[in-house]
Amino acid sequence: MAFLVVDVTVGWFRGMTTWARRSPRLAAIAAAALGTTEAWAEQHSTELDDGTVHVWLPGRGGNHLVIGPDGGMYVDTAAVDVATLRDRFRQGQRTYEQQIAALRGINSAVAIRELFLKTVRGVENLEPFYSVPAQHDLEAIVGRELEETGAFEIMERLQGDPPGACLLVAFDRATGPGHYVLGYNMDGTAVTIDPLYREPMPFPPPGAIDAVRWFADGAPMRPHYPMGIVPSDPVVVAAGILGIDEAAARTHAHRYDDGLVHVWTPGRGGAQVIVGPGGQALAVESSFTAAELLAMYGTGKRAASTVRVNHAASAVSSTIDMLCGGELTPAQRTGPNQAELEAKIGRPLQQTTAEEIAERLTTQGEYRLVGVDRAQGPGHWYIAINMGEQGIQALDPIANTKHAWPPPNADAIRWWADGDPLRPAPPAPASGAAGGKTEMVDVEATSAAGTRFWARVPEAYREFGTQFAKSAADLDAKWHKHGQVYFEGFWKMSIHNDGSGGFRLAAWNIDPARERAEWDLTPALEVMAQQRRATVFAKVRRESVRYERNFTVQRGTLDATVIHLVRSTPADANDSGWYIGTSATRSADAEVMTGKELHRRNPYLARFFGFPAGWYGTWDGRRMATLVNPEGETVWDAAAHDAAEAAKAAKAAAPVAPLAEPLAAPPDPRQSGGVAYRTAKALLADRHGFTPTGSPPAGGSVPDLLTEAGIGLYEAFKRAEHLVGLLPTDAVEVMTRALAGAGTGAAYVCLGDWLRKPFVGTPQPAAALEKYRAADRLGHRPGSIAWLTWSYFENAPDAEQVAARLDELIGEAEGDGDGRLHLLRGWMRGKGYGYQKDLAAALVDHQFAAARRNADALFELHVIHATGLGVPEDRQRANEYLTQAAQHGHTRALHNLAALHATGDGVPRDPSRAVELYVDAAERGHGRAAFMAAMMFATGEAGAADVARARTLFTTAQELGHPVADLLPQLPPEARRVAHEALRG
């Protein structure tokens, strides 16, 4: 068995025009797949940013495809949007000749004619129609012309008609085929009947996400607005009600499956509103949770105005005045921001927990200003107060209520209170900005039978949510039924019909009062994320226990300062093997509880429950304190780490004595994360060049020290110290402020690297280019090269300036010793970025760089000669360049050379050499190479099968972004079993 997947994409391939003339073979393949001519394929196509091409049949109803440089393609019907088509191709799905032949006979215009005549007109024996119906043919059948309108207007018309009413609906895309569907009133709800699926689905249909124009038979209810945006767009309605701009409304919105939209004012304390598809709205204060607001709307309550909705910050500010002896004044529709409330209270707010706030309130009458953030909806303000015999109470001034602490409807993901907390707050779940929203995304996977499994998860958990969907899709087919319960690691999950032929995943709420399946997967995702991070840090395979298993817990342990956790071999099927006590020695005074009950009482321990038998660890109330493997080796010791950092800090602060003679080797310039953080924090506290103690900083100027500290923090993030709680929650802010404040070339480059590819947060490529450009202006050569390189890859608009600066650098005295500048100029000349497009000149630049042993240039020359781009095609010479690039450690060259040896394509077939090269490429971060090596070890193609090695490499491939789970149905049984085990672990 051999697998050949060769990557021949060159740096300047992206963005070129007339792809069909450049690659007539691909044009012929695409045209044949769609049953059209090469000229039509060229005319109705667009090149995507990854070197692939999207090609479609003109008009409505035809198929479309994505084709790669190697001729592999994915073909689907007009029902599928372009983004989904492209994503499926990128995930490795391909359409082969037999499937292509079947797809050629599918057209939604033909299917909608048949559907309408049979189901609406009741025609049983259809007369043959020997061509694809045009729009006027369908209008003749319906009896009315299609008129342009909007999606929400169609929905309103359907829901205003009696049940059973239908409309012929068409939509067009900016790129790709248009599509026909039926809009249908099903018991008062607008649904879609897609003629290619025949199963009801929500309206607008999922495949219409990229629709730019909508049409329906009959006159619309109101004048049409461009691009389908009509006044009844719920987000536009909500923005008007809340008095915020549309952009802010779209950023702070959550759409429900039934067409309702929840929109809220940014920050804490503002109004929020739910709007239905028809514009009916209910606006309320921030004291209501999203669930409460949804329930109120469901009972028929409506109030499409914020005239009576006051701001919670206004009410809490007035209450503070009253507690200080002032007058209680009525709440207003606007209120002070956090900084103004902090000025009133005299202390800044700091992140903490509800429990810690209560611990601080030891004296009757003592109170704290408390802010909470929610995953969905506006944050809210409370006052926590000690009321003597009544205990700690939560005052909600805007709701005029008082509850025992903590407030029952806080729905908080983060808590804030004025003053210093007694101890640092544990890490909060990943979410959006304070008071903002957590971006929700849909993740999905397809079973071997083609059934869709999906879930809606926070953006921060996209990777783990996708894993959930893939695991469900990979279950035995007998488990694929509505209501089926199963376990995903620690957490109980279930599968539910989504009404569109697929299944949606739910996680079980472990609250005894609400123990049921719910769409919110966040608790399950958090546990998986904690376990994966802990086991990855320890370099051990995750073996999570289910929360229904029994745990032995020493009485009183869960209230102890330090908790010890030991996993032994389980005694029986119901035993988890875990003992939890005040020491590692088992106590006779112990009780047995399920993991579910244990998690309710202490949710921070679940991160340990993914470790296999033999592991031992401790938790000190805020972090993993120690971790010991089965061999007795200490994998992690937080106290020792703290002591080492303290020693480094003391050493850094000590006076520097002059050296009698130079050091034999310079010390490691990288600081540990903790030292770098404290150094940066201290320097930022006093930008006049003095530490908080008043003494001048040792070791250099303030800009240099800020640069060193900022780069030290960047390296700490690179070492994943933030994943195991070694960095404070504001480490990102401190790092970026230090680098920006340093103002040195090295600092700007580091900040640019962070903005381009951050370890936390969203990439900001434009801002990264600005920082690289700032380093270039300071004459910092690495910054100049970074600005030029990433300007090219981002296709930045100032191409001519980039080209001029590149020529300047090449002409400088330093020259181009490693060839990277000539390589870049070769790419730019080949693409026509900043220079006149000139393949011959590009070739000269690549040859110059290759002569200096530049691995990227050697690989470019391999691709050029392999594909005949500007030179005669010469596979032998191409393979010589490929071999040289691999010898210099080029990752893609290693992968491609391995593929050639695996198949004997142009080189002697040598499976042992192939797997060796694949492993080398995998160790350098090539996901596909890891996958191919895993395949060869699993099947024994390179010798004896090695299941353990295969499992490790499948895991590596998945972690490097290769879609292993998507490829499972295509794998041979022995490889599929090993890959499935790796993904489940």
# chains A, B, ... in the order shown; residues from 1 in each chain; ligands from 1
$ residues_around --residues "range 462-478 of chain A" --least-positions-apart "2" --cutoff "10 Å" --atoms "only C-alpha atoms" --output "ChimeraX atom specification"
/A:440-460,480-481,484,486-489,493-495,503-505,521-522,524-526,528-529,532,958-959,961,964-966,968-969,980,983-984
$ residues_around --residues "Glu359 in chain A" --least-positions-apart "5" --cutoff "10 Å" --atoms "only C-alpha atoms" --output "mmCIF file with N, CA, C and O atoms, in the first residue's frame"
data_model
loop_
_atom_site.group_PDB
_atom_site.id
_atom_site.type_symbol
_atom_site.label_atom_id
_atom_site.label_comp_id
_atom_site.auth_asym_id
_atom_site.auth_seq_id
_atom_site.Cartn_x
_atom_site.Cartn_y
_atom_site.Cartn_z
ATOM 1 N N ALA A 354 -16.532 34.182 43.718
ATOM 2 C CA ALA A 354 -17.658 34.491 44.609
ATOM 3 C C ALA A 354 -17.342 34.056 46.036
ATOM 4 O O ALA A 354 -17.686 34.746 47.011
ATOM 5 N N ILE A 392 -24.001 36.956 54.497
ATOM 6 C CA ILE A 392 -23.574 37.739 53.344
ATOM 7 C C ILE A 392 -24.728 37.776 52.344
ATOM 8 O O ILE A 392 -25.263 36.742 51.950
ATOM 9 N N PRO A 421 -7.627 40.592 46.617
ATOM 10 C CA PRO A 421 -8.177 39.301 47.036
ATOM 11 C C PRO A 421 -7.250 38.613 48.036
ATOM 12 O O PRO A 421 -6.049 38.906 48.102
ATOM 13 N N LEU A 422 -7.818 37.688 48.811
ATOM 14 C CA LEU A 422 -7.020 36.955 49.787
ATOM 15 C C LEU A 422 -6.040 36.006 49.116
ATOM 16 O O LEU A 422 -5.017 35.646 49.684
#
$ residues_around --residues "range 732-735 of chain A" --least-positions-apart "4" --cutoff "12 Å" --atoms "only C-alpha atoms" --output "PyMOL selection string"
chain A and resi 673-674+676-685+706-717+722+727-728+739-742+747-748+750-751+754-755+758-761
$ atom_distance --atom1 "CA of Ala893 in chain A" --atom2 "CA of Phe859 in chain A"
6.4 Å
$ closest_residue --among "A:Leu558, A:Glu548, A:Thr329, A:Trp491" --to "Gln531 in chain A" --atoms "only C-alpha atoms"
A:Trp491
$ closest_residue --among "A:Ser568, A:Gln836, A:Thr535, A:Asn574" --to "Glu800 in chain A" --atoms "only C-alpha atoms"
A:Gln836
$ residues_around --residues "range 611-618 of chain A" --least-positions-apart "4" --cutoff "10 Å" --atoms "only C-alpha atoms" --output "PyMOL selection string"
chain A and resi 531-532+534-535+538+540-545+562-570+576-584+605+607+623-637
$ residues_around --residues "Thr36 in chain A" --least-positions-apart "5" --cutoff "12 Å" --atoms "only C-alpha atoms" --output "list in words"
Ala27, Ala28, Ile29, Ala30, Ala31, Ala41, Glu42, Gln43, His44, Val55, Trp56, Leu57, Pro58, Gly62, Asn63, His64 and Arg104 of chain A
$ select_by_dssp --residues "range 396-491 of chain A" --states "strand (DSSP E or B)" --output "VMD selection string"
chain A and resid 396 401 to 404 414 to 418 440 to 446 452 to 458 485 to 488 491
